[in-house]
>>> print(open('structure10.txt').read())   # compact mmCIF, C-alpha atoms and all ligand atoms
# COMPACT_ATOMS: atom_id res chain seq x y z
CA MET A 537 7.73 -18.36 9.85
CA ALA A 538 11.26 -19.77 9.86
CA ASN A 539 12.75 -17.88 6.97
CA ARG A 540 13.13 -14.20 7.23
CA ALA A 541 11.87 -12.73 4.03
CA ASN A 542 13.79 -10.01 2.29
CA HIS A 543 11.95 -7.16 3.88
CA GLY A 544 13.29 -4.52 1.56
CA ALA A 545 12.16 -6.33 -1.54
CA LEU A 546 8.80 -7.13 -0.04
CA LEU A 547 8.22 -3.60 1.08
CA GLY A 548 9.27 -2.25 -2.27
CA CYS A 549 7.01 -4.59 -4.11
CA GLY A 550 4.08 -3.70 -1.93
CA LEU A 551 4.67 -0.05 -2.54
CA LEU A 552 5.24 -0.46 -6.21
CA CYS A 553 2.13 -2.44 -6.76
CA ALA A 554 0.14 -0.01 -4.70
CA ALA A 555 1.50 2.74 -6.91
CA ALA A 556 0.52 0.84 -10.00
CA LEU A 557 -2.92 0.41 -8.56
CA MET A 558 -3.28 4.04 -7.76
CA PHE A 559 -2.66 4.63 -11.39
CA ALA A 560 -5.18 2.06 -12.45
CA ALA A 561 -7.74 3.50 -10.07
CA ALA A 562 -7.27 6.90 -11.66
CA GLY A 563 -9.05 5.46 -14.62
CA ARG A 564 -6.38 5.57 -17.28
CA PRO A 565 -7.15 3.23 -20.12
CA ASN A 566 -5.25 0.08 -20.87
CA ALA A 567 -3.13 -0.05 -17.79
CA SER A 568 -1.71 -3.34 -18.98
CA GLU A 569 1.23 -4.46 -16.94
CA GLY A 570 2.50 -7.45 -18.86
CA PRO A 571 5.93 -7.64 -20.40
CA ALA A 572 4.32 -8.06 -23.81
CA ALA A 573 2.66 -4.69 -23.46
CA ALA A 574 5.96 -3.13 -22.46
CA ALA A 575 7.83 -4.67 -25.36
CA SER A 576 5.36 -3.64 -28.00
CA ALA A 577 5.09 -0.02 -26.90
CA ASN A 578 7.53 2.48 -28.21
CA TYR A 579 8.59 4.35 -25.10
CA PRO A 580 11.08 7.20 -24.97
CA VAL A 581 14.56 6.00 -24.07
CA ALA A 582 16.83 7.67 -21.53
CA SER A 583 20.45 6.95 -22.43
CA ASP A 584 22.46 8.94 -19.91
CA ALA A 585 22.00 10.87 -16.68
CA ARG A 586 24.52 13.10 -14.99
CA LEU A 587 24.94 15.75 -12.31
CA ALA A 588 27.03 18.90 -12.42
CA GLY A 589 27.64 21.81 -10.08
CA ASP A 590 28.23 22.23 -6.37
CA ALA A 591 26.47 22.44 -3.03
CA ARG A 592 24.83 25.78 -3.87
CA GLN A 593 23.63 24.98 -7.37
CA THR A 594 23.37 21.54 -8.89
CA ARG A 595 22.19 20.61 -12.35
CA PHE A 596 20.72 17.29 -13.45
CA ILE A 597 20.71 16.31 -17.11
CA LEU A 598 18.90 13.33 -18.61
CA ASP A 599 19.61 12.45 -22.26
CA LEU A 600 16.53 11.27 -24.15
CA ASP A 601 15.70 10.21 -27.67
CA ARG A 602 12.76 12.62 -27.86
CA LYS A 603 11.11 15.41 -25.90
CA ILE A 604 8.81 14.39 -23.04
CA GLU A 605 6.38 16.09 -20.69
CA PHE A 606 7.39 16.27 -17.06
CA HIS A 607 6.18 17.51 -13.70
CA ALA A 608 8.65 18.24 -10.91
CA PHE A 609 7.82 18.93 -7.29
CA PRO A 610 9.56 18.88 -3.90
CA LEU A 611 8.75 16.75 -0.86
CA ALA A 612 9.92 17.28 2.71
CA ASP A 613 11.18 15.02 5.48
CA PRO A 614 13.40 13.79 4.00
CA TYR A 615 14.13 16.48 1.44
CA ARG A 616 13.38 15.17 -2.02
CA VAL A 617 12.42 16.29 -5.48
CA VAL A 618 10.17 14.10 -7.58
CA VAL A 619 9.89 14.25 -11.35
CA ASP A 620 6.90 12.58 -12.97
CA ILE A 621 7.45 11.63 -16.58
CA PRO A 622 5.69 9.34 -19.03
CA GLN A 623 6.90 5.76 -19.12
CA VAL A 624 10.54 5.84 -20.15
CA THR A 625 12.91 2.99 -20.86
CA PHE A 626 16.00 3.70 -18.80
CA HIS A 627 19.14 2.53 -20.52
CA LEU A 628 21.45 3.95 -17.94
CA ALA A 629 24.75 2.55 -16.75
CA ALA A 630 24.48 0.32 -13.71
CA GLY A 631 24.87 2.32 -10.53
CA THR A 632 23.65 5.58 -12.09
CA GLY A 633 22.25 7.74 -9.34
CA SER A 634 23.70 5.74 -6.48
CA SER A 635 26.13 8.52 -5.67
CA GLY A 636 25.35 12.21 -5.88
CA ARG A 637 26.91 15.56 -6.29
CA GLY A 638 26.28 18.96 -4.75
CA LEU A 639 22.72 19.20 -3.49
CA VAL A 640 21.79 15.73 -4.71
CA LYS A 641 22.71 12.90 -2.39
CA ALA A 642 21.51 10.23 -4.81
CA PHE A 643 18.67 9.66 -7.24
CA ARG A 644 16.43 6.75 -8.15
CA TYR A 645 14.35 6.15 -11.20
CA GLY A 646 11.95 3.59 -12.53
CA LEU A 647 8.49 2.63 -13.59
CA VAL A 648 5.94 3.44 -10.90
CA MET A 649 2.84 2.60 -12.86
CA PRO A 650 1.97 1.44 -16.34
CA GLY A 651 2.59 4.47 -18.53
CA GLY A 652 4.41 6.44 -15.85
CA SER A 653 7.99 6.66 -14.70
CA ARG A 654 9.46 8.70 -11.92
CA ILE A 655 12.80 10.10 -10.90
CA VAL A 656 13.31 10.84 -7.22
CA PHE A 657 16.20 12.92 -5.98
CA ASP A 658 17.32 12.58 -2.39
CA LEU A 659 18.67 15.97 -1.43
CA THR A 660 21.44 16.79 1.03
CA GLY A 661 19.25 19.58 2.44
CA PRO A 662 16.48 21.99 1.48
CA ALA A 663 16.72 23.07 -2.14
CA ARG A 664 14.32 24.51 -4.66
CA ILE A 665 13.90 23.74 -8.33
CA ALA A 666 15.27 26.98 -9.71
CA ASN A 667 14.69 25.93 -13.27
CA SER A 668 13.44 22.92 -15.18
CA TYR A 669 13.05 22.49 -18.91
CA ILE A 670 13.39 20.25 -21.95
CA LEU A 671 16.13 21.09 -24.41
CA GLU A 672 15.67 20.34 -28.09
CA ALA A 673 18.26 18.25 -29.84
CA ALA A 674 21.01 20.62 -30.94
CA ASN A 675 24.69 20.63 -31.81
CA GLY A 676 24.91 16.86 -31.88
CA GLN A 677 23.29 16.66 -28.42
CA PRO A 678 20.09 14.65 -27.95
CA PRO A 679 16.93 16.10 -26.38
CA ARG A 680 17.54 16.59 -22.67
CA LEU A 681 15.58 17.04 -19.47
CA VAL A 682 17.34 19.57 -17.28
CA LEU A 683 16.67 20.41 -13.65
CA GLU A 684 18.54 23.07 -11.72
CA PHE A 685 18.52 22.81 -7.95
CA GLU A 686 19.37 25.77 -5.77
CA GLU A 687 20.10 25.77 -2.06
CA VAL A 688 17.43 27.47 0.09
CA ASP A 689 16.65 27.57 3.80
CA ARG A 690 14.00 25.31 5.24
CA SER A 691 11.28 27.94 5.42
CA ARG A 692 11.61 28.71 1.71
CA PHE A 693 11.66 25.03 0.95
CA VAL A 694 8.47 24.48 2.92
CA GLN A 695 6.82 27.37 1.07
CA SER A 696 7.63 25.65 -2.21
CA LEU A 697 5.88 22.42 -1.21
CA PRO A 698 2.83 21.58 -3.27
CA GLU A 699 -0.56 21.37 -1.57
CA LEU A 700 -0.53 17.62 -1.40
CA LYS A 701 -3.76 16.95 0.39
CA PRO A 702 -6.17 18.51 -2.10
CA SER A 703 -4.46 16.86 -5.03
CA VAL A 704 -4.67 13.49 -3.34
CA ALA A 705 -8.30 14.11 -2.51
CA ASP A 706 -8.92 15.04 -6.13
CA ALA A 707 -7.21 11.91 -7.33
CA ASN A 708 -9.31 9.81 -4.99
CA ALA A 709 -12.46 11.63 -5.98
CA SER A 710 -11.83 11.07 -9.66
CA ALA A 711 -10.95 7.45 -9.01
CA ALA A 712 -14.20 7.04 -7.12
CA ALA A 713 -16.07 8.82 -9.89
CA THR A 714 -14.57 6.52 -12.47
CA THR A 715 -15.55 3.48 -10.46
CA THR A 716 -19.06 4.77 -9.96
CA ALA A 717 -19.39 5.54 -13.64
CA ALA A 718 -18.17 2.08 -14.50
CA LYS A 719 -20.75 0.57 -12.22
CA ALA A 720 -23.64 2.71 -13.33
CA SER A 721 -24.58 0.25 -16.06
CA ASP A 722 -25.20 -2.55 -13.60
CA GLY A 723 -27.03 -0.33 -11.14
CA SER A 724 -24.99 2.03 -9.00
CA ASP A 725 -24.68 1.28 -5.34
CA SER A 726 -23.45 3.98 -3.02
CA ARG A 727 -23.23 1.80 0.09
CA PRO A 728 -19.73 1.62 1.58
CA LEU A 729 -17.76 -1.32 0.28
CA ILE A 730 -15.96 -3.50 2.81
CA VAL A 731 -13.28 -5.93 1.73
CA ILE A 732 -12.80 -8.99 3.93
CA ASP A 733 -9.49 -10.69 3.43
CA PRO A 734 -9.08 -14.18 4.87
CA GLY A 735 -5.31 -14.68 5.01
CA HIS A 736 -3.30 -17.34 3.21
CA GLY A 737 -4.95 -20.10 1.12
CA GLY A 738 -3.96 -22.77 -1.37
CA LEU A 739 -0.33 -23.74 -1.01
CA ASP A 740 0.04 -21.34 1.85
CA ASN A 741 -1.46 -22.86 4.98
CA GLY A 742 -0.47 -20.07 7.32
CA THR A 743 0.13 -21.23 10.86
CA GLN A 744 -1.14 -24.59 12.02
CA SER A 745 -1.65 -26.65 15.12
CA ASN A 746 -3.42 -29.90 15.98
CA GLY A 747 -4.51 -30.39 12.38
CA GLU A 748 -6.14 -26.97 12.20
CA THR A 749 -4.74 -24.62 9.58
CA GLU A 750 -4.93 -20.87 9.76
CA LYS A 751 -6.10 -20.67 6.14
CA ASN A 752 -9.23 -22.69 6.90
CA LEU A 753 -9.99 -21.05 10.23
CA VAL A 754 -9.79 -17.55 8.81
CA LEU A 755 -11.78 -18.45 5.70
CA GLY A 756 -14.61 -19.76 7.84
CA PHE A 757 -14.45 -16.66 9.98
CA GLY A 758 -14.32 -14.33 6.98
CA LEU A 759 -17.37 -15.92 5.38
CA ALA A 760 -19.29 -15.65 8.65
CA LEU A 761 -18.31 -12.01 8.97
CA ARG A 762 -19.42 -11.36 5.41
CA ASP A 763 -22.80 -12.95 6.02
CA ARG A 764 -23.27 -10.91 9.17
CA ILE A 765 -22.47 -7.51 7.70
CA GLU A 766 -24.29 -8.18 4.44
CA LYS A 767 -27.41 -9.03 6.41
CA SER A 768 -27.65 -5.47 7.69
CA GLY A 769 -28.05 -4.27 4.10
CA LYS A 770 -25.93 -1.24 4.88
CA TYR A 771 -22.76 -2.35 3.15
CA ARG A 772 -21.45 -4.11 0.12
CA VAL A 773 -18.94 -6.82 0.90
CA VAL A 774 -16.23 -8.27 -1.29
CA MET A 775 -14.02 -11.18 -0.27
CA THR A 776 -10.44 -11.55 -1.49
CA ARG A 777 -11.05 -15.29 -1.49
CA THR A 778 -14.07 -17.49 -0.82
CA ASP A 779 -12.33 -20.83 -1.14
CA ASP A 780 -8.98 -22.49 -0.62
CA THR A 781 -7.03 -20.59 -3.26
CA PHE A 782 -3.75 -18.78 -3.08
CA VAL A 783 -4.08 -15.02 -3.55
CA PRO A 784 -0.88 -12.94 -3.71
CA LEU A 785 -0.70 -10.15 -1.14
CA ASN A 786 -0.69 -7.44 -3.75
CA ASP A 787 -3.80 -8.82 -5.39
CA ARG A 788 -5.55 -8.55 -2.06
CA VAL A 789 -4.61 -4.90 -1.86
CA LYS A 790 -5.65 -4.54 -5.50
CA VAL A 791 -9.16 -5.76 -4.73
CA ALA A 792 -9.55 -3.02 -2.14
CA ARG A 793 -8.11 -0.30 -4.33
CA SER A 794 -9.77 -1.16 -7.60
CA GLN A 795 -13.19 -1.18 -5.97
CA SER A 796 -12.57 1.98 -3.95
CA ALA A 797 -13.23 0.09 -0.74
CA ALA A 798 -14.10 2.08 2.35
CA LEU A 799 -12.55 -0.48 4.68
CA PHE A 800 -10.23 -3.48 4.39
CA VAL A 801 -10.18 -6.11 7.11
CA SER A 802 -7.62 -8.88 6.91
CA ILE A 803 -8.26 -11.94 9.09
CA HIS A 804 -5.46 -14.11 10.45
CA ALA A 805 -4.52 -16.34 13.35
CA ASP A 806 -1.09 -16.30 14.92
CA ALA A 807 1.12 -18.95 16.47
CA LEU A 808 4.05 -18.67 18.79
CA PRO A 809 6.95 -21.11 18.54
CA LYS A 810 7.07 -23.29 21.68
CA ARG A 811 10.46 -21.98 22.78
CA GLU A 812 8.99 -18.47 22.86
CA GLY A 813 6.47 -19.44 25.49
CA ASP A 814 2.74 -19.00 25.32
CA ALA A 815 0.62 -16.10 24.22
CA GLN A 816 -3.09 -15.73 23.86
CA GLY A 817 -5.83 -13.45 22.72
CA ALA A 818 -6.72 -11.36 19.71
CA THR A 819 -4.56 -8.54 18.40
CA ILE A 820 -5.44 -5.75 15.98
CA TYR A 821 -2.70 -4.49 13.70
CA THR A 822 -2.38 -1.34 11.67
CA LEU A 823 0.32 -0.42 9.20
CA SER A 824 3.51 1.19 10.35
CA ASP A 825 7.01 1.54 8.92
CA LYS A 826 8.33 0.79 12.36
CA ALA A 827 6.96 -2.21 14.19
CA SER A 828 5.50 -1.35 17.59
CA ASP A 829 7.47 -4.19 19.17
CA ALA A 830 9.58 -7.21 18.31
CA GLU A 831 6.63 -9.57 18.22
CA ALA A 832 4.77 -7.34 15.79
CA GLU A 833 7.83 -7.29 13.57
CA ARG A 834 8.20 -11.06 13.70
CA LEU A 835 4.57 -11.46 12.78
CA ALA A 836 4.69 -9.00 9.87
CA ASP A 837 7.74 -10.81 8.50
CA ALA A 838 5.92 -14.12 8.77
CA GLU A 839 2.74 -12.83 7.16
CA ASN A 840 4.64 -11.05 4.41
CA LYS A 841 6.28 -14.33 3.52
CA ALA A 842 3.03 -15.62 2.05
CA ASP A 843 3.98 -14.62 -1.48
CA ALA A 844 7.26 -16.47 -1.29
CA ILE A 845 5.39 -19.59 -0.18
CA GLY A 846 2.93 -19.17 -3.03
CA GLY A 847 5.72 -18.79 -5.56
CA VAL A 848 5.28 -15.11 -6.39
CA ASN A 849 8.61 -13.93 -7.68
CA LEU A 850 9.64 -10.85 -5.77
CA SER A 851 13.17 -10.58 -7.04
CA GLU A 852 12.12 -8.96 -10.29
CA GLU A 853 10.07 -6.24 -8.71
CA PRO A 854 11.87 -2.93 -8.91
CA THR A 855 12.06 -1.47 -5.43
CA GLU A 856 12.90 2.15 -6.06
CA VAL A 857 10.76 5.20 -6.23
CA ALA A 858 7.31 4.05 -5.35
CA ASP A 859 7.45 5.32 -1.78
CA ILE A 860 6.51 8.71 -3.10
CA LEU A 861 2.93 7.96 -3.99
CA ILE A 862 2.45 6.39 -0.63
CA ASP A 863 3.66 9.52 1.11
CA LEU A 864 0.92 11.52 -0.47
CA ALA A 865 -2.15 9.54 0.40
CA GLN A 866 -1.30 7.43 3.37
CA ARG A 867 -1.25 10.04 6.08
CA GLU A 868 -4.97 10.56 6.09
CA THR A 869 -5.75 6.88 5.63
CA LYS A 870 -3.64 6.10 8.66
CA THR A 871 -5.88 8.21 10.86
CA PHE A 872 -8.95 6.27 9.72
CA SER A 873 -7.21 2.92 10.10
CA ASN A 874 -6.24 3.79 13.65
CA ARG A 875 -9.74 4.99 14.43
CA PHE A 876 -11.23 1.73 13.21
CA ALA A 877 -8.64 -0.30 15.11
CA ARG A 878 -9.60 1.46 18.35
CA LEU A 879 -13.32 0.98 17.72
CA LEU A 880 -12.69 -2.66 16.95
CA MET A 881 -10.75 -3.13 20.13
CA SER A 882 -13.40 -1.55 22.30
CA GLU A 883 -16.10 -3.73 20.76
CA MET A 884 -14.07 -6.92 20.75
CA LYS A 885 -12.75 -6.65 24.28
CA ALA A 886 -16.30 -6.85 25.60
CA THR A 887 -16.77 -10.34 24.17
CA VAL A 888 -13.41 -11.72 23.08
CA ARG A 889 -10.22 -12.53 24.92
CA MET A 890 -7.68 -9.96 23.79
CA HIS A 891 -3.90 -10.09 23.80
CA LYS A 892 -2.28 -8.22 26.66
CA HIS A 893 -1.20 -5.55 24.15
CA PRO A 894 -4.12 -5.67 21.73
CA LEU A 895 -3.25 -2.74 19.45
CA LYS A 896 -0.03 -2.99 17.49
CA SER A 897 1.48 -1.89 14.23
CA ALA A 898 4.03 -3.23 11.77
CA GLY A 899 4.88 -3.34 8.09
CA PHE A 900 2.22 -5.71 6.78
CA ARG A 901 2.18 -5.61 3.03
CA VAL A 902 -1.49 -6.40 2.86
CA LEU A 903 -2.28 -3.17 4.71
CA LYS A 904 -0.53 -0.93 2.23
CA ALA A 905 -3.40 0.40 0.16
CA PRO A 906 -2.61 4.09 0.51
CA ASP A 907 -6.22 5.24 0.41
CA VAL A 908 -8.20 2.41 2.01
CA PRO A 909 -8.35 2.28 5.81
CA SER A 910 -6.99 -1.17 6.61
CA VAL A 911 -6.52 -3.36 9.66
CA LEU A 912 -5.31 -6.89 10.18
CA VAL A 913 -6.85 -8.91 12.97
CA GLU A 914 -5.06 -11.86 14.48
CA LEU A 915 -7.99 -13.68 16.03
CA GLY A 916 -5.82 -15.56 18.47
CA TYR A 917 -3.00 -18.07 18.73
CA VAL A 918 -3.47 -21.52 17.26
CA SER A 919 -0.50 -22.46 19.44
CA ASN A 920 -2.53 -21.71 22.56
CA LYS A 921 -4.93 -24.41 23.67
CA GLY A 922 -7.63 -22.04 24.86
CA ASP A 923 -7.42 -19.85 21.77
CA LEU A 924 -7.57 -22.82 19.45
CA GLU A 925 -10.70 -24.03 21.21
CA HIS A 926 -12.22 -20.62 20.56
CA LEU A 927 -11.09 -20.51 16.97
CA VAL A 928 -12.89 -23.73 16.09
CA SER A 929 -15.99 -22.91 18.11
CA GLU A 930 -18.99 -21.66 16.23
CA ASN A 931 -20.29 -19.91 19.30
CA TRP A 932 -17.05 -17.98 19.74
CA ARG A 933 -17.03 -17.13 16.07
CA ASN A 934 -20.56 -15.77 16.19
CA LYS A 935 -19.76 -13.56 19.17
CA THR A 936 -16.60 -12.27 17.57
CA VAL A 937 -18.22 -11.65 14.21
CA GLY A 938 -20.96 -9.77 16.07
CA SER A 939 -18.52 -7.44 17.82
CA MET A 940 -16.68 -6.80 14.57
CA ALA A 941 -19.95 -5.93 12.87
CA GLN A 942 -20.69 -3.47 15.68
CA ALA A 943 -17.31 -1.83 15.26
CA ILE A 944 -17.96 -1.51 11.54
CA ASP A 945 -21.32 0.11 12.27
CA ALA A 946 -19.68 2.52 14.67
CA PHE A 947 -16.99 3.35 12.14
CA PHE A 948 -19.49 4.20 9.42
CA ALA A 949 -22.24 5.58 11.64
CA LYS A 950 -21.30 9.20 11.22
CA ARG A 951 -20.82 8.92 7.50
CA LEU A 952 -24.07 7.09 6.91
CA ALA A 953 -25.96 9.56 9.09
CA THR A 954 -24.58 12.43 7.03
CA ALA A 955 -25.32 10.71 3.75
CA GLY A 956 -28.85 9.97 4.88
CA GLN A 957 -29.70 13.57 5.80
CA PRO A 958 -32.83 14.81 4.09
CA ARG A 959 -32.14 17.84 1.91
ZN ZN A 1001 -1.56 -15.24 8.80
>>> encode(input="structure10.txt", output="structure tokens", more="lines below")
Ligand SMILES: [Zn+2]
Amino acid sequence: MANRANHGALLGCGLLCAAALMFAAAGRPNASEGPAAAASANYPVASDARLAGDARQTRFILDLDRKIEFHAFPLADPYRVVVDIPQVTFHLAAGTGSSGRGLVKAFRYGLVMPGGSRIVFDLTGPARIANSYILEAANGQPPRLVLEFEEVDRSRFVQSLPELKPSVADANASAAATTTAAKASDGSDSRPLIVIDPGHGGLDNGTQSNGETEKNLVLGFGLALRDRIEKSGKYRVVMTRTDDTFVPLNDRVKVARSQSAALFVSIHADALPKREGDAQGATIYTLSDKASDAEAERLADAENKADAIGGVNLSEEPTEVADILIDLAQRETKTFSNRFARLLMSEMKATVRMHKHPLKSAGFRVLKAPDVPSVLVELGYVSNKGDLEHLVSENWRNKTVGSMAQAIDAFFAKRLATAGQPR
């Protein structure tokens, strides 16, 4: 908890990997991510990018070595234009896109998923794509991607926005369909899938006190929770780890996404440095760009540091672009995450000592699956004597697991009732 992790890099990595996963979940073949795969493939090369024009009309030109398909669309708040293209190797001068011209404040580009690159334009204000096309090589010029931006007022900009929700729903539906199809051979199972994620593991002990490590406490709890909810027969349960191994944060998210999980529950235990006094009780966290308070922010930083402890190299992760995919899917997921967090609190508070502010939010990387409702539960403080006594008590664990299982039932009750309707 001592070192402050590079939040930007962490956030970017989380987003990027989530984007890559979204791609994988969409069922494209051979979504290999390794450098070997990248080196062997013969991707189009972008050799130059430039802007021309003024604040009323601005043109973007990307030089390529061959023609490519593209899909351009606007996004609001902040004003942006996104261009989806196949995976492209960008051989652009350092700093390209960092300063803009006319309607373009800046632009970013990069790989967002295996096989797919993206260019994102940050606009100075509302603008529409007046024209977009690929030019053939001609007159000594290479093939080019050209976009022409034109200033419009906000209402016209808003009219030009794509219907994001249906397309996201479609993407999720096809991802789910792919998963179901893949599972059909070993007997399809339509029960909701719940991912339980005991934090830390292996090299990464998490917090510790009096010889008790967070990684062991939360593993024991996670396994007990699994047993409890499996017993009902209503759900499938997958664990991100079942023993003392290190699992990178993104792989935890990947488990949830690749299996089209209906719920992701990450289990942790907190600790407060002595100089910061004492705190006690369980807290339920949801994802937010802005931490709900300083303690939530401190905790997210500490939890996000797990990869650094486990030796995952974050410095090589490109950080640009990937926020876009998140924008599309996460709004709806957020509503479900918050609903589950509230249900969990109302069940837990009946049996478990809760923190004085039991519902909080912050930028936990492990909660970033854009289409899986996700919460992170800090069961209590290992730094607090009373909490630690609870955390190691089997009786306390059974009660707490029971209230979590009830919250899960409440969360899915409506859905299961609907699914179970006779026709
Ligand atoms: Zn933790």
>>> residues_near_ligand(input="structure10.txt", ligand="ligand ZN 1001 (chain A)", cutoff="6 Å", atoms="only C-alpha atoms and all ligand atoms", output="ChimeraX atom specification")
/A:735,742,804-805,839
>>> closest_residue(input="structure10.txt", among="A:Thr936, A:Gly817, A:Asn874, A:Lys826", to="A:His893", atoms="only C-alpha atoms")
A:Gly817
>>> residues_around(input="structure10.txt", residues="A:His926", least_positions_apart="3", cutoff="12 Å", atoms="all atoms listed in the file", output="VMD selection string")
chain A and resid 753 757 805 816 to 818 887 to 889 915 to 923 929 to 936
>>> closest_residue(input="structure10.txt", among="A:Ala585, A:Ala836, A:Val688, A:Leu927", to="A:Gly899", atoms="all atoms listed in the file")
A:Ala836
>>> residues_around(input="structure10.txt", residues="A:Ile670", least_positions_apart="2", cutoff="8 Å", atoms="all atoms listed in the file", output="list in words")
Lys603, Ile604, Ser668, Glu672, Pro679, Arg680, Leu681 and Val682 of chain A
>>> closest_residue(input="structure10.txt", among="A:Asp907, A:Asp599, A:Asp806, A:Glu684", to="A:Asn741", atoms="only C-alpha atoms")
A:Asp806
>>> closest_residue(input="structure10.txt", among="A:Thr822, A:Thr625, A:Ser768, A:Thr869", to="A:Ala941", atoms="only C-alpha atoms")
A:Ser768
>>> atom_distance(input="structure10.txt", atom1="atom CA of A:Gly938", atom2="atom CA of A:Val801")
14.5 Å
>>> closest_residue(input="structure10.txt", among="A:Ser726, A:Asn752, A:Thr819, A:Gln677", to="A:Arg777", atoms="all atoms listed in the file")
A:Asn752
>>> residues_around(input="structure10.txt", residues="stretch 782-788 of chain A", least_positions_apart="4", cutoff="6 Å", atoms="all atoms listed in the file", output="NGL selection string")
:A and (737-738 or 776 or 843 or 902)
>>> residues_around(input="structure10.txt", residues="A:Leu683", least_positions_apart="3", cutoff="8 Å", atoms="all atoms listed in the file", output="PDB file with C-alpha atoms, keeping the file's coordinate frame")
ATOM      1  CA  ARG A 595      22.190  20.610 -12.350  1.00  0.00           C
ATOM      2  CA  PHE A 596      20.720  17.290 -13.450  1.00  0.00           C
ATOM      3  CA  ILE A 597      20.710  16.310 -17.110  1.00  0.00           C
ATOM      4  CA  ILE A 665      13.900  23.740  -8.330  1.00  0.00           C
ATOM      5  CA  ALA A 666      15.270  26.980  -9.710  1.00  0.00           C
ATOM      6  CA  ASN A 667      14.690  25.930 -13.270  1.00  0.00           C
ATOM      7  CA  SER A 668      13.440  22.920 -15.180  1.00  0.00           C
ATOM      8  CA  TYR A 669      13.050  22.490 -18.910  1.00  0.00           C
TER       9      TYR A 669
END
>>> closest_residue(input="structure10.txt", among="A:Asp613, A:Asp763, A:Asp825, A:Asp733", to="A:Ala792", atoms="all atoms listed in the file")
A:Asp733
>>> atom_distance(input="structure10.txt", atom1="atom CA of A:Leu600", atom2="atom CA of A:Ala582")
4.5 Å
>>> residues_near_point(input="structure10.txt", point="(-1.2, -0.8, 6.0)", cutoff="6 Å", atoms="all atoms listed in the file", output="PyMOL selection string")
chain A and resi 822-823+903-904+910
>>> atom_distance(input="structure10.txt", atom1="atom CA of A:Gly758", atom2="atom CA of A:Gly813")
28.3 Å
>>> residues_around(input="structure10.txt", residues="A:Leu628", least_positions_apart="5", cutoff="12 Å", atoms="only C-alpha atoms", output="list of chain:residue names")
A:Val581, A:Ala582, A:Ser583, A:Asp584, A:Ala585, A:Arg586, A:Leu598, A:Asp599, A:Leu600, A:Gly633, A:Ser634, A:Arg644, A:Tyr645, A:Gly646
>>> residues_near_point(input="structure10.txt", point="(6.8, -13.5, 12.6)", cutoff="12 Å", atoms="only C-alpha atoms", output="PyMOL selection string")
chain A and resi 537-541+543+742-743+805-809+812+827+829-842+898-900
>>> write_last_selection(input="structure10.txt", atoms="C-alpha atoms", output="PDB file, in the coordinates of the input")
ATOM      1  CA  MET A 537       7.730 -18.360   9.850  1.00  0.00           C
ATOM      2  CA  ALA A 538      11.260 -19.770   9.860  1.00  0.00           C
ATOM      3  CA  ASN A 539      12.750 -17.880   6.970  1.00  0.00           C
ATOM      4  CA  ARG A 540      13.130 -14.200   7.230  1.00  0.00           C
ATOM      5  CA  ALA A 541      11.870 -12.730   4.030  1.00  0.00           C
ATOM      6  CA  HIS A 543      11.950  -7.160   3.880  1.00  0.00           C
ATOM      7  CA  GLY A 742      -0.470 -20.070   7.320  1.00  0.00           C
ATOM      8  CA  THR A 743       0.130 -21.230  10.860  1.00  0.00           C
ATOM      9  CA  ALA A 805      -4.520 -16.340  13.350  1.00  0.00           C
ATOM     10  CA  ASP A 806      -1.090 -16.300  14.920  1.00  0.00           C
ATOM     11  CA  ALA A 807       1.120 -18.950  16.470  1.00  0.00           C
ATOM     12  CA  LEU A 808       4.050 -18.670  18.790  1.00  0.00           C
ATOM     13  CA  PRO A 809       6.950 -21.110  18.540  1.00  0.00           C
ATOM     14  CA  GLU A 812       8.990 -18.470  22.860  1.00  0.00           C
ATOM     15  CA  ALA A 827       6.960  -2.210  14.190  1.00  0.00           C
ATOM     16  CA  ASP A 829       7.470  -4.190  19.170  1.00  0.00           C
ATOM     17  CA  ALA A 830       9.580  -7.210  18.310  1.00  0.00           C
ATOM     18  CA  GLU A 831       6.630  -9.570  18.220  1.00  0.00           C
ATOM     19  CA  ALA A 832       4.770  -7.340  15.790  1.00  0.00           C
ATOM     20  CA  GLU A 833       7.830  -7.290  13.570  1.00  0.00           C
ATOM     21  CA  ARG A 834       8.200 -11.060  13.700  1.00  0.00           C
ATOM     22  CA  LEU A 835       4.570 -11.460  12.780  1.00  0.00           C
ATOM     23  CA  ALA A 836       4.690  -9.000   9.870  1.00  0.00           C
ATOM     24  CA  ASP A 837       7.740 -10.810   8.500  1.00  0.00           C
ATOM     25  CA  ALA A 838       5.920 -14.120   8.770  1.00  0.00           C
ATOM     26  CA  GLU A 839       2.740 -12.830   7.160  1.00  0.00           C
ATOM     27  CA  ASN A 840       4.640 -11.050   4.410  1.00  0.00           C
ATOM     28  CA  LYS A 841       6.280 -14.330   3.520  1.00  0.00           C
ATOM     29  CA  ALA A 842       3.030 -15.620   2.050  1.00  0.00           C
ATOM     30  CA  ALA A 898       4.030  -3.230  11.770  1.00  0.00           C
ATOM     31  CA  GLY A 899       4.880  -3.340   8.090  1.00  0.00           C
ATOM     32  CA  PHE A 900       2.220  -5.710   6.780  1.00  0.00           C
TER      33      PHE A 900
END
>>> decode(input="structure10.txt", residues="stretch 667-675 of chain A", atoms="C-alpha atoms", output="mmCIF file, in the first residue's frame")
data_model
loop_
_atom_site.group_PDB
_atom_site.id
_atom_site.type_symbol
_atom_site.label_atom_id
_atom_site.label_comp_id
_atom_site.auth_asym_id
_atom_site.auth_seq_id
_atom_site.Cartn_x
_atom_site.Cartn_y
_atom_site.Cartn_z
ATOM 1 C CA ASN A 667 -17.260 13.218 -45.520
ATOM 2 C CA SER A 668 -15.088 10.159 -45.079
ATOM 3 C CA TYR A 669 -13.467 8.014 -47.733
ATOM 4 C CA ILE A 670 -10.439 6.046 -48.866
ATOM 5 C CA LEU A 671 -8.405 7.485 -51.712
ATOM 6 C CA GLU A 672 -6.623 5.185 -54.122
ATOM 7 C CA ALA A 673 -2.927 5.642 -54.641
ATOM 8 C CA ALA A 674 -2.524 8.304 -57.303
ATOM 9 C CA ASN A 675 -0.022 10.875 -58.519
#
